[in-house]
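This is protein.cif. It holds mmCIF, C-alpha atoms.
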```cif
data_run
#
loop_
_atom_site.label_atom_id
_atom_site.label_comp_id
_atom_site.auth_asym_id
_atom_site.auth_seq_id
_atom_site.Cartn_x
_atom_site.Cartn_y
_atom_site.Cartn_z
CA MET O 17 -31.04 74.12 22.81
CA ALA O 18 -27.82 73.28 21.02
CA ARG O 19 -26.45 76.08 18.92
CA GLU O 20 -25.07 75.67 15.41
CA PRO O 21 -21.28 75.51 15.36
CA ARG O 22 -19.78 78.87 14.49
CA LEU O 23 -17.40 79.31 11.59
CA VAL O 24 -14.09 81.00 12.31
CA GLU O 25 -12.00 82.17 9.38
CA VAL O 26 -8.30 81.30 9.66
CA ARG O 27 -6.25 81.38 6.40
CA ARG O 28 -3.05 79.57 7.13
CA ASN O 29 -0.75 77.69 4.79
CA VAL O 30 -0.29 74.16 6.08
CA LEU O 31 3.23 73.88 4.66
CA LYS O 32 4.15 77.31 5.98
CA GLN O 33 6.81 75.88 8.26
CA ASN O 34 8.56 74.19 5.33
CA ASP O 35 8.30 77.33 3.22
CA VAL O 36 9.78 79.43 6.02
CA VAL O 37 12.78 77.11 6.39
CA ALA O 38 13.20 76.92 2.60
CA ARG O 39 13.25 80.70 2.40
CA GLU O 40 15.90 80.90 5.13
CA LEU O 41 17.99 78.30 3.31
CA ARG O 42 17.68 80.20 0.03
CA THR O 43 18.98 83.33 1.73
CA GLU O 44 21.88 81.40 3.30
CA PHE O 45 22.77 79.87 -0.07
CA ARG O 46 22.71 83.25 -1.76
CA GLU O 47 24.83 84.88 0.91
CA ALA O 48 27.35 82.02 0.79
CA GLY O 49 27.54 82.26 -3.00
CA VAL O 50 26.82 78.55 -3.48
CA PHE O 51 24.60 77.38 -6.33
CA VAL O 52 22.16 74.69 -5.26
CA ALA O 53 20.57 72.21 -7.63
CA SER O 54 18.20 69.42 -6.69
CA MET O 55 17.10 66.32 -8.56
CA VAL O 56 13.74 64.59 -8.49
CA SER O 57 12.65 61.54 -10.45
CA SER O 58 11.02 58.15 -10.12
CA PRO O 59 13.16 55.44 -8.49
CA GLY O 60 15.72 54.12 -10.95
CA ALA O 61 15.66 57.02 -13.41
CA GLY O 62 19.37 57.59 -12.92
CA LYS O 63 19.69 60.39 -10.36
CA THR O 64 22.64 58.81 -8.59
CA ALA O 65 24.46 57.89 -11.82
CA LEU O 66 24.05 61.42 -13.17
CA LEU O 67 25.09 62.93 -9.87
CA GLU O 68 28.17 60.69 -9.64
CA ARG O 69 29.24 61.79 -13.11
CA THR O 70 28.44 65.42 -12.27
CA LEU O 71 30.53 65.41 -9.10
CA THR O 72 33.44 63.69 -10.85
CA LEU O 73 33.45 66.16 -13.73
CA LEU O 74 32.99 69.29 -11.65
CA ARG O 75 35.39 68.40 -8.89
CA SER O 76 38.54 69.30 -10.80
CA ARG O 77 37.40 72.90 -11.19
CA TYR O 78 34.88 73.53 -8.41
CA ARG O 79 34.23 72.80 -4.78
CA VAL O 80 31.26 70.46 -4.77
CA ALA O 81 29.19 68.57 -2.21
CA ALA O 82 25.99 66.57 -2.19
CA LEU O 83 23.15 65.63 0.12
CA VAL O 84 21.36 62.43 -0.78
CA GLY O 85 17.92 61.47 0.45
CA ASP O 86 17.01 57.83 0.71
CA LEU O 87 14.42 55.88 2.64
CA ALA O 88 16.66 53.32 4.28
CA THR O 89 20.00 52.50 2.72
CA GLU O 90 23.20 54.46 2.46
CA ASN O 91 24.13 52.80 -0.84
CA ASP O 92 23.75 55.98 -2.88
CA ALA O 93 26.00 58.03 -0.62
CA ALA O 94 28.65 55.30 -0.65
CA ARG O 95 28.49 55.27 -4.45
CA LEU O 96 28.74 59.04 -4.70
CA LYS O 97 31.69 59.23 -2.35
CA ARG O 98 33.72 57.42 -5.02
CA SER O 99 33.73 60.75 -6.86
CA GLY O 100 35.87 62.12 -4.03
CA ALA O 101 33.35 64.86 -3.22
CA GLU O 102 31.86 65.49 0.21
CA VAL O 103 28.64 63.50 0.38
CA ARG O 104 26.12 63.08 3.13
CA GLN O 105 23.13 60.82 3.39
CA ILE O 106 19.78 61.94 4.72
CA THR O 107 17.94 58.78 5.72
CA THR O 108 14.27 59.71 5.69
CA GLY O 109 12.93 56.50 7.25
CA THR O 110 9.36 56.16 6.07
CA VAL O 111 9.13 59.69 4.73
CA CYS O 112 8.85 59.62 0.94
CA HIS O 113 10.34 63.06 0.22
CA LEU O 114 12.86 65.55 1.55
CA GLU O 115 11.73 68.57 3.53
CA ALA O 116 13.60 71.83 4.00
CA ALA O 117 14.29 71.05 7.67
CA MET O 118 15.98 67.78 6.68
CA VAL O 119 18.23 69.69 4.29
CA ARG O 120 19.08 72.14 7.03
CA SER O 121 20.07 69.45 9.52
CA GLY O 122 21.93 67.59 6.76
CA LEU O 123 24.04 70.70 6.24
CA GLU O 124 25.04 71.06 9.88
CA GLY O 125 28.75 71.56 10.29
CA TRP O 126 29.35 72.24 6.60
CA SER O 127 30.66 75.62 5.62
CA LEU O 128 28.52 76.75 2.69
CA GLY O 129 30.97 79.52 1.89
CA ALA O 130 33.57 76.87 1.05
CA LEU O 131 31.36 75.46 -1.73
CA ASP O 132 30.60 76.39 -5.34
CA PHE O 133 27.92 73.77 -5.95
CA LEU O 134 25.66 71.86 -3.62
CA PHE O 135 23.52 69.07 -5.02
CA ILE O 136 20.45 67.63 -3.34
CA GLU O 137 19.20 64.27 -4.52
CA ASN O 138 15.61 63.77 -3.47
CA VAL O 139 14.01 60.42 -2.64
CA GLY O 140 12.94 58.58 -5.80
CA ASN O 141 9.30 59.61 -6.04
CA LEU O 142 7.34 61.60 -8.62
CA VAL O 143 4.48 62.59 -6.33
CA CYS O 144 5.39 63.63 -2.81
CA PRO O 145 8.43 65.91 -3.34
CA SER O 146 6.46 68.33 -5.51
CA GLY O 147 4.97 70.36 -2.66
CA TYR O 148 8.20 70.83 -0.72
CA ASP O 149 10.47 73.73 -1.52
CA LEU O 150 14.02 72.90 -0.43
CA GLY O 151 15.47 76.35 -1.01
CA GLU O 152 17.27 75.17 -4.15
CA ASP O 153 18.07 77.48 -7.08
CA LEU O 154 17.33 74.94 -9.75
CA ARG O 155 15.22 71.80 -9.67
CA PHE O 156 15.90 69.14 -12.28
CA VAL O 157 13.23 66.57 -12.99
CA LEU O 158 14.80 63.48 -14.52
CA MET O 159 13.03 61.04 -16.77
CA SER O 160 14.81 58.07 -18.29
CA VAL O 161 14.07 57.02 -21.87
CA THR O 162 13.27 53.53 -20.58
CA GLU O 163 10.30 54.86 -18.59
CA GLY O 164 8.32 55.84 -21.67
CA GLU O 165 7.32 59.19 -23.08
CA ASP O 166 4.14 59.76 -21.06
CA LYS O 167 5.65 60.34 -17.60
CA PRO O 168 4.94 64.10 -17.72
CA LEU O 169 1.25 63.48 -18.40
CA LYS O 170 1.04 61.03 -15.52
CA TYR O 171 2.86 63.32 -13.08
CA PRO O 172 2.17 66.89 -14.23
CA THR O 173 2.53 68.31 -10.72
CA ILE O 174 6.17 67.34 -10.29
CA PHE O 175 7.07 68.59 -13.77
CA ASN O 176 5.37 71.81 -12.84
CA SER O 177 7.41 72.17 -9.66
CA ALA O 178 10.71 71.72 -11.57
CA ASP O 179 12.75 74.16 -13.66
CA VAL O 180 14.54 71.94 -16.16
CA SER O 181 13.82 68.44 -17.52
CA VAL O 182 16.64 66.00 -18.04
CA LEU O 183 16.08 62.96 -20.25
CA THR O 184 18.50 60.32 -18.98
CA LYS O 185 19.93 57.03 -20.30
CA VAL O 186 19.75 58.41 -23.83
CA ASP O 187 22.27 55.75 -24.94
CA LEU O 188 19.34 53.31 -24.62
CA ALA O 189 16.89 55.39 -26.66
CA ASP O 190 17.20 53.41 -29.87
CA ALA O 191 16.87 50.08 -28.09
CA VAL O 192 13.55 51.13 -26.55
CA GLU O 193 12.44 53.05 -29.67
CA PHE O 194 12.05 56.18 -27.63
CA ASP O 195 9.84 58.76 -29.29
CA TRP O 196 11.70 62.06 -28.77
CA ALA O 197 9.01 64.22 -30.30
CA ALA O 198 6.28 62.72 -28.12
CA ALA O 199 8.39 63.14 -24.98
CA GLU O 200 9.13 66.76 -25.83
CA ALA O 201 5.46 67.45 -26.64
CA ASN O 202 4.34 65.90 -23.34
CA ILE O 203 6.82 67.96 -21.34
CA GLN O 204 5.75 71.14 -23.14
CA ALA O 205 2.09 70.27 -22.57
CA VAL O 206 2.46 70.23 -18.79
CA ARG O 207 5.11 72.93 -18.58
CA PRO O 208 5.21 75.22 -21.63
CA GLY O 209 8.68 76.62 -22.30
CA MET O 210 10.51 74.09 -20.14
CA HIS O 211 14.16 73.60 -21.06
CA VAL O 212 14.87 69.94 -21.88
CA LEU O 213 18.34 68.38 -21.71
CA ARG O 214 19.39 64.94 -22.95
CA VAL O 215 22.16 63.07 -21.17
CA SER O 216 23.78 59.70 -20.77
CA ALA O 217 25.75 59.44 -17.55
CA LYS O 218 27.21 56.24 -18.96
CA THR O 219 28.62 57.53 -22.25
CA GLY O 220 28.88 61.18 -21.27
CA ALA O 221 26.62 62.27 -24.15
CA GLY O 222 24.94 65.61 -23.46
CA MET O 223 26.98 66.22 -20.32
CA PRO O 224 28.59 69.45 -21.63
CA GLU O 225 25.19 71.16 -22.16
CA TYR O 226 23.99 69.97 -18.79
CA LEU O 227 27.14 71.21 -17.02
CA GLN O 228 26.84 74.48 -18.90
CA ALA O 229 23.37 75.01 -17.40
CA LEU O 230 24.88 74.56 -13.94
CA GLU O 231 27.86 76.80 -14.59
CA ALA O 232 25.60 79.50 -15.99
CA GLY O 233 23.60 79.32 -12.77
CA LEU O 234 26.72 79.72 -10.65
CA ALA O 235 27.99 82.61 -12.79
CA GLU O 236 24.63 84.37 -12.38
CA ARG O 237 24.74 83.83 -8.62
CA ARG O 238 28.25 85.26 -8.41
CA ALA O 239 27.38 88.20 -10.66
CA ALA O 240 24.37 89.05 -8.49
CA ALA O 241 26.58 89.02 -5.39
CA THR O 242 29.01 91.62 -6.71
CA MET Y 19 2.08 58.72 0.43
CA HIS Y 20 2.97 61.92 2.24
CA GLU Y 21 -0.62 62.72 3.15
CA LEU Y 22 -0.14 61.52 6.72
CA SER Y 23 2.61 64.05 7.40
CA ILE Y 24 0.47 66.74 5.77
CA ALA Y 25 -2.47 65.67 7.93
CA ILE Y 26 -0.34 65.84 11.08
CA GLY Y 27 0.78 69.37 10.15
CA LEU Y 28 -2.81 70.33 9.43
CA VAL Y 29 -4.07 68.97 12.77
CA GLU Y 30 -1.29 70.82 14.61
CA ALA Y 31 -2.14 74.06 12.83
CA ALA Y 32 -5.87 73.62 13.49
CA GLN Y 33 -5.18 72.86 17.14
CA GLU Y 34 -3.12 76.03 17.49
CA GLU Y 35 -5.77 78.15 15.81
CA GLY Y 36 -8.55 76.40 17.74
CA ALA Y 37 -6.87 77.17 21.06
CA ARG Y 38 -7.56 80.86 20.43
CA HIS Y 39 -11.29 80.24 20.69
CA GLU Y 40 -13.67 78.91 23.30
CA GLY Y 41 -15.26 75.58 22.43
CA ARG Y 42 -14.39 72.44 20.54
CA VAL Y 43 -13.22 72.32 16.94
CA CYS Y 44 -15.73 70.08 15.17
CA ALA Y 45 -14.69 70.71 11.57
CA VAL Y 46 -11.64 71.92 9.68
CA HIS Y 47 -11.97 73.54 6.26
CA LEU Y 48 -9.11 73.19 3.81
CA ARG Y 49 -8.54 74.64 0.36
CA LEU Y 50 -6.63 72.10 -1.70
CA GLY Y 51 -5.15 73.03 -5.07
CA LYS Y 52 -5.13 70.57 -7.96
CA LEU Y 53 -1.37 71.14 -8.17
CA SER Y 54 -0.69 70.70 -4.46
CA GLY Y 55 0.45 67.12 -4.95
CA VAL Y 56 -2.01 65.96 -2.31
CA VAL Y 57 -4.72 63.39 -2.99
CA PRO Y 58 -7.97 64.37 -1.23
CA GLU Y 59 -9.10 60.80 -0.48
CA ALA Y 60 -5.73 59.89 1.03
CA LEU Y 61 -5.75 63.08 3.08
CA LEU Y 62 -9.23 62.35 4.43
CA SER Y 63 -8.24 58.94 5.76
CA SER Y 64 -4.90 60.25 7.09
CA TYR Y 65 -6.74 63.08 8.81
CA GLU Y 66 -8.72 60.70 10.96
CA MET Y 67 -5.50 58.98 12.00
CA ALA Y 68 -3.72 62.26 12.70
CA CYS Y 69 -6.59 63.41 14.95
CA GLN Y 70 -6.38 60.43 17.26
CA GLY Y 71 -5.45 61.38 20.78
CA THR Y 72 -5.74 65.11 20.05
CA PRO Y 73 -8.53 67.55 20.95
CA LEU Y 74 -9.58 67.31 17.29
CA GLU Y 75 -10.50 63.64 17.53
CA GLY Y 76 -13.90 63.13 15.95
CA SER Y 77 -13.74 66.35 13.92
CA ARG Y 78 -14.51 66.45 10.20
CA LEU Y 79 -12.21 67.56 7.43
CA VAL Y 80 -13.98 69.53 4.71
CA ILE Y 81 -11.94 69.83 1.52
CA GLU Y 82 -12.62 72.46 -1.09
CA GLU Y 83 -10.73 71.55 -4.26
CA VAL Y 84 -9.20 74.55 -6.00
CA PRO Y 85 -8.87 74.38 -9.80
CA VAL Y 86 -5.75 75.60 -11.57
CA VAL Y 87 -5.83 79.13 -12.92
CA VAL Y 88 -3.11 80.28 -15.31
CA PHE Y 89 -2.38 83.67 -16.77
CA CYS Y 90 -2.85 83.82 -20.54
CA PRO Y 91 -0.50 86.33 -22.19
CA THR Y 92 -2.66 86.47 -25.34
CA CYS Y 93 -5.95 87.18 -23.57
CA ASP Y 94 -4.03 89.18 -20.94
CA ALA Y 95 -6.28 87.58 -18.33
CA PRO Y 96 -6.45 84.74 -15.81
CA ARG Y 97 -7.88 81.61 -17.40
CA SER Y 98 -8.77 78.09 -16.33
CA LEU Y 99 -7.18 74.94 -17.72
CA SER Y 100 -9.23 72.21 -19.30
CA SER Y 101 -6.84 69.62 -17.85
CA ILE Y 102 -3.69 69.68 -15.74
CA GLN Y 103 -2.09 67.64 -18.52
CA TRP Y 104 -2.48 70.52 -20.90
CA PHE Y 105 -1.17 73.89 -19.74
CA CYS Y 106 -2.79 76.18 -22.21
CA CYS Y 107 -5.50 78.81 -22.13
CA SER Y 108 -8.99 77.31 -22.19
CA GLU Y 109 -10.21 80.22 -24.33
CA CYS Y 110 -7.56 80.70 -27.03
CA GLY Y 111 -5.20 77.73 -26.60
CA THR Y 112 -2.01 79.72 -25.93
CA PRO Y 113 0.46 77.60 -23.95
CA THR Y 114 1.30 79.16 -20.60
CA ALA Y 115 3.20 78.02 -17.54
CA GLU Y 116 2.28 80.97 -15.36
CA VAL Y 117 0.28 79.45 -12.54
CA ARG Y 118 -1.90 81.91 -10.61
CA GLN Y 119 -3.85 79.44 -8.52
CA GLY Y 120 -3.93 75.72 -7.80
CA LYS Y 121 -1.04 75.07 -5.42
CA GLU Y 122 -3.04 75.87 -2.28
CA LEU Y 123 -2.79 73.79 0.83
CA GLU Y 124 -4.51 76.22 3.08
CA LEU Y 125 -6.40 75.94 6.31
CA VAL Y 126 -9.20 78.46 5.77
CA ALA Y 127 -11.70 78.02 8.57
CA LEU Y 128 -12.68 76.13 11.68
CA GLU Y 129 -16.14 75.19 12.85
CA ILE Y 130 -16.34 75.58 16.57
CA ASP Y 131 -18.97 74.01 18.75
CA ASP Y 132 -19.63 75.96 21.90
CA GLY Y 133 -21.12 72.86 23.48
CA SER Y 134 -23.93 74.73 25.14
#
```

Could you quickly redo this structure as structure tokens?
Amino acid sequence: MAREPRLVEVRRNVLKQNDVVARELRTEFREAGVFVASMVSSPGAGKTALLERTLTLLRSRYRVAALVGDLATENDAARLKRSGAEVRQITTGTVCHLEAAMVRSGLEGWSLGALDFLFIENVGNLVCPSGYDLGEDLRFVLMSVTEGEDKPLKYPTIFNSADVSVLTKVDLADAVEFDWAAAEANIQAVRPGMHVLRVSAKTGAGMPEYLQALEAGLAERRAAAT
Amino acid sequence: MHELSIAIGLVEAAQEEGARHEGRVCAVHLRLGKLSGVVPEALLSSYEMACQGTPLEGSRLVIEEVPVVVFCPTCDAPRSLSSIQWFCCSECGTPTAEVRQGKELELVALEIDDGS
């Protein structure tokens, strides 16, 4: 007579491998004294434009580099290299998000100790990147004013995985009658207490506050090391 | 759509755990948090694909969805959310971002058929 299948308890995190690599990266970043910020958003929200401006502005005072995830093209990396900073592309193929192991291989040959800031631009996607820790110190979730105010309600998980919200393309806010209060309320609904920045990479509006957030992060990192 | 890569990782993990026991793995039990970023339906169909050509081919995936639990500073207690679009205490309405549960993506058990 056939027996009933027996149940064996296991308890194992499926993304454990990613979390292990992310933890190792975080330790390496801390030891090297580099502050690592990543960016997630939907495609076209302005990650590359903001990053290009960021690298250009920071480069005169800091040592900066960036890793850029993209499905197929190397257009973003080519664009970012115009800033003069070290930029590398991670072509993910059909994978819709970056994983910690991809970051690690993307960093091969780079000396982290020679950097102040490392930026990681994730693949444009508001769903898949949320579960993958990349070892970063700060995760920005970008949302452009042209996307509408309800993005946080549609993608609460990614807003929950991020540390700071950045509203981008704010120079277009009037043209699209962007409702600032609604956007702020929606962000606070899915992530109470979240810090929200407003920037235009085109005009430079809001860039000082945004850069300040990064510099504060680096200062904290350096203070913790001493 | 990252469920296929999750499914492949899950099948690999289940295979490793299954190898410690005599018999064939006929079902895999997963706890899946509402904030895991994984869609159960998409994972179920990816699972079947990921099992092909492995010892787990033909096995079932049993998903237990895990609701989000936050910590409410006012009640000083863990509380459920009424919706993942509204991070506030279901009892007193205090906004809170302190997630205590709901990000799980955890292989919790295997059903093993001894085949006798």

- Apply the PyMOL selection byres ((chain O) within 10 of (chain Y)) to the structure shown and report the selected residues as number ranges by chain. O: 17-33, 110-113, 141-148, 168-174, 176-177, 202-210

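Picture a line from CA of Asp195 in chain O to CA of Glu165 in chain O; it runs 6.7 Å.
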
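Once the PyMOL selection byres ((chain O and resi 164) around 9) is applied to this file, the selection holds Met159, Ser160, Val161, Thr162, Glu163, Glu165, Asp166, Lys167, Val192, Phe194, Asp195 and Ala199 of chain O.
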
- Might you pull out every residue within 9 Å of range 224-237 of chain O, with only C-alpha atoms counted and same-chain residues fewer than 5 positions away left off, and present them as a list in words?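 Those residues are Arg46, Gly49, Val50, Phe51, Val52, Ala53, Thr70, Leu73, Leu74, Asp132, Phe133, Asp153, Leu154, Val182, Leu213, Arg214 and Val215 of chain O.
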
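Picture a line from CA of Arg77 in chain O to CA of Ser99 in chain O; it runs 13.4 Å.
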
- Query: Can you tell me how far CA of Ala81 in chain O sits from CA of His211 in chain O, in Å to one decimal?
  - Reply: 24.6 Å

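Near Val157 in chain O, within 8 Å and counting all atoms listed in the file, sit O:Met55, O:Val56, O:Ser57, O:Ile174, O:Phe175, O:Ala178, O:Asp179, O:Val180, O:Ser181, O:Val182, not including residues fewer than 5 positions from it in the same chain.
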
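Among Y:Ser77, Y:Gln33, Y:Gln119, Y:Ser63, the residue with the shortest atom-to-atom distance to Pro96 in chain Y, counting all atoms listed in the file, is Y:Gln119.
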
- Task: I would like the residues chosen by the PyMOL selection byres ((chain Y and resi 83) around 8) on the shown file; could you give them as number ranges by chain?
- Result: Y: 49-52, 81-82, 84-85

Give, as AutoDock Vina command-line options, the centre coordinates and the x, y and z edge lengths in Å to one decimal for an axis-aligned box around all listed atoms of range 90-102 of chain Y, padded by 3 Å on each side.
```
--center_x -4.9 --center_y 79.4 --center_z -20.5 --size_x 14.7 --size_y 25.6 --size_z 15.6
```

Within 8 Å of Lys218 in chain O, counting only C-alpha atoms, which residues qualify if same-chain residues fewer than 3 places away don't, as a compact mmCIF listing (two decimals) with C-alpha atoms, in the frame of the given file?
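Saved the output as result-v1.txt:
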```
# COMPACT_ATOMS: atom_id res chain seq x y z
CA ALA O 65 24.46 57.89 -11.82
CA LYS O 185 19.93 57.03 -20.30
CA ASP O 187 22.27 55.75 -24.94
CA ALA O 221 26.62 62.27 -24.15
```

- Point out the residue among Y:Leu99, Y:Glu40, Y:Pro58, Y:Cys93 with the least atom-to-atom distance to Gly120 in chain Y, counting only C-alpha atoms. Y:Leu99

Shell around Ser54 in chain O at 8 Å using only C-alpha atoms, local window under 5 positions removed, as a short mmCIF file (atom, residue, chain, number, x, y, z; two decimals) with C-alpha atoms, in the coordinates of the input:
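This is the output file part02.cif:
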```cif
data_model
loop_
_atom_site.label_atom_id
_atom_site.label_comp_id
_atom_site.auth_asym_id
_atom_site.auth_seq_id
_atom_site.Cartn_x
_atom_site.Cartn_y
_atom_site.Cartn_z
CA PHE O 135 23.52 69.07 -5.02
CA ILE O 136 20.45 67.63 -3.34
CA GLU O 137 19.20 64.27 -4.52
CA ASN O 138 15.61 63.77 -3.47
CA GLU O 152 17.27 75.17 -4.15
CA LEU O 154 17.33 74.94 -9.75
CA ARG O 155 15.22 71.80 -9.67
CA PHE O 156 15.90 69.14 -12.28
#
```

Export of range 158-175 of chain O: N, CA and C atoms, as a short mmCIF file (atom, residue, chain, number, x, y, z; two decimals), in the first residue's frame:
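Below is the file decode.cif, written as the result:
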```cif
data_model
loop_
_atom_site.label_atom_id
_atom_site.label_comp_id
_atom_site.auth_asym_id
_atom_site.auth_seq_id
_atom_site.Cartn_x
_atom_site.Cartn_y
_atom_site.Cartn_z
N LEU O 158 13.17 56.81 -8.13
CA LEU O 158 12.84 58.01 -8.89
C LEU O 158 11.44 57.89 -9.46
N MET O 159 10.78 59.03 -9.54
CA MET O 159 9.45 59.06 -10.14
C MET O 159 9.34 60.41 -10.84
N SER O 160 9.10 60.39 -12.13
CA SER O 160 9.05 61.67 -12.85
C SER O 160 7.65 62.26 -12.75
N VAL O 161 7.57 63.57 -12.79
CA VAL O 161 6.25 64.22 -12.65
C VAL O 161 5.34 63.86 -13.82
N THR O 162 5.94 63.47 -14.95
CA THR O 162 5.11 63.12 -16.11
C THR O 162 4.46 61.75 -15.98
N GLU O 163 4.86 60.98 -14.99
CA GLU O 163 4.28 59.63 -14.82
C GLU O 163 2.97 59.66 -14.04
N GLY O 164 2.67 60.79 -13.40
CA GLY O 164 1.45 60.84 -12.59
C GLY O 164 1.76 60.61 -11.14
N GLU O 165 0.82 60.97 -10.30
CA GLU O 165 1.06 61.00 -8.85
C GLU O 165 0.84 59.64 -8.18
N ASP O 166 0.23 58.70 -8.92
CA ASP O 166 -0.18 57.45 -8.23
C ASP O 166 0.81 56.30 -8.34
N LYS O 167 2.00 56.57 -8.88
CA LYS O 167 3.00 55.49 -9.01
C LYS O 167 3.25 54.75 -7.68
N PRO O 168 3.37 55.46 -6.56
CA PRO O 168 3.65 54.74 -5.31
C PRO O 168 2.56 53.75 -4.94
N LEU O 169 1.30 54.11 -5.25
CA LEU O 169 0.19 53.20 -4.90
C LEU O 169 0.18 51.98 -5.81
N LYS O 170 0.68 52.18 -7.05
CA LYS O 170 0.71 51.04 -7.98
C LYS O 170 1.89 50.12 -7.70
N TYR O 171 2.97 50.69 -7.18
CA TYR O 171 4.17 49.89 -6.93
C TYR O 171 4.68 50.07 -5.49
N PRO O 172 3.84 49.75 -4.51
CA PRO O 172 4.25 50.00 -3.12
C PRO O 172 5.50 49.23 -2.71
N THR O 173 5.70 48.06 -3.30
CA THR O 173 6.83 47.22 -2.88
C THR O 173 8.17 47.89 -3.16
N ILE O 174 8.30 48.50 -4.34
CA ILE O 174 9.59 49.12 -4.68
C ILE O 174 9.81 50.37 -3.82
N PHE O 175 8.73 51.11 -3.55
CA PHE O 175 8.90 52.29 -2.69
C PHE O 175 9.30 51.85 -1.29
#
```
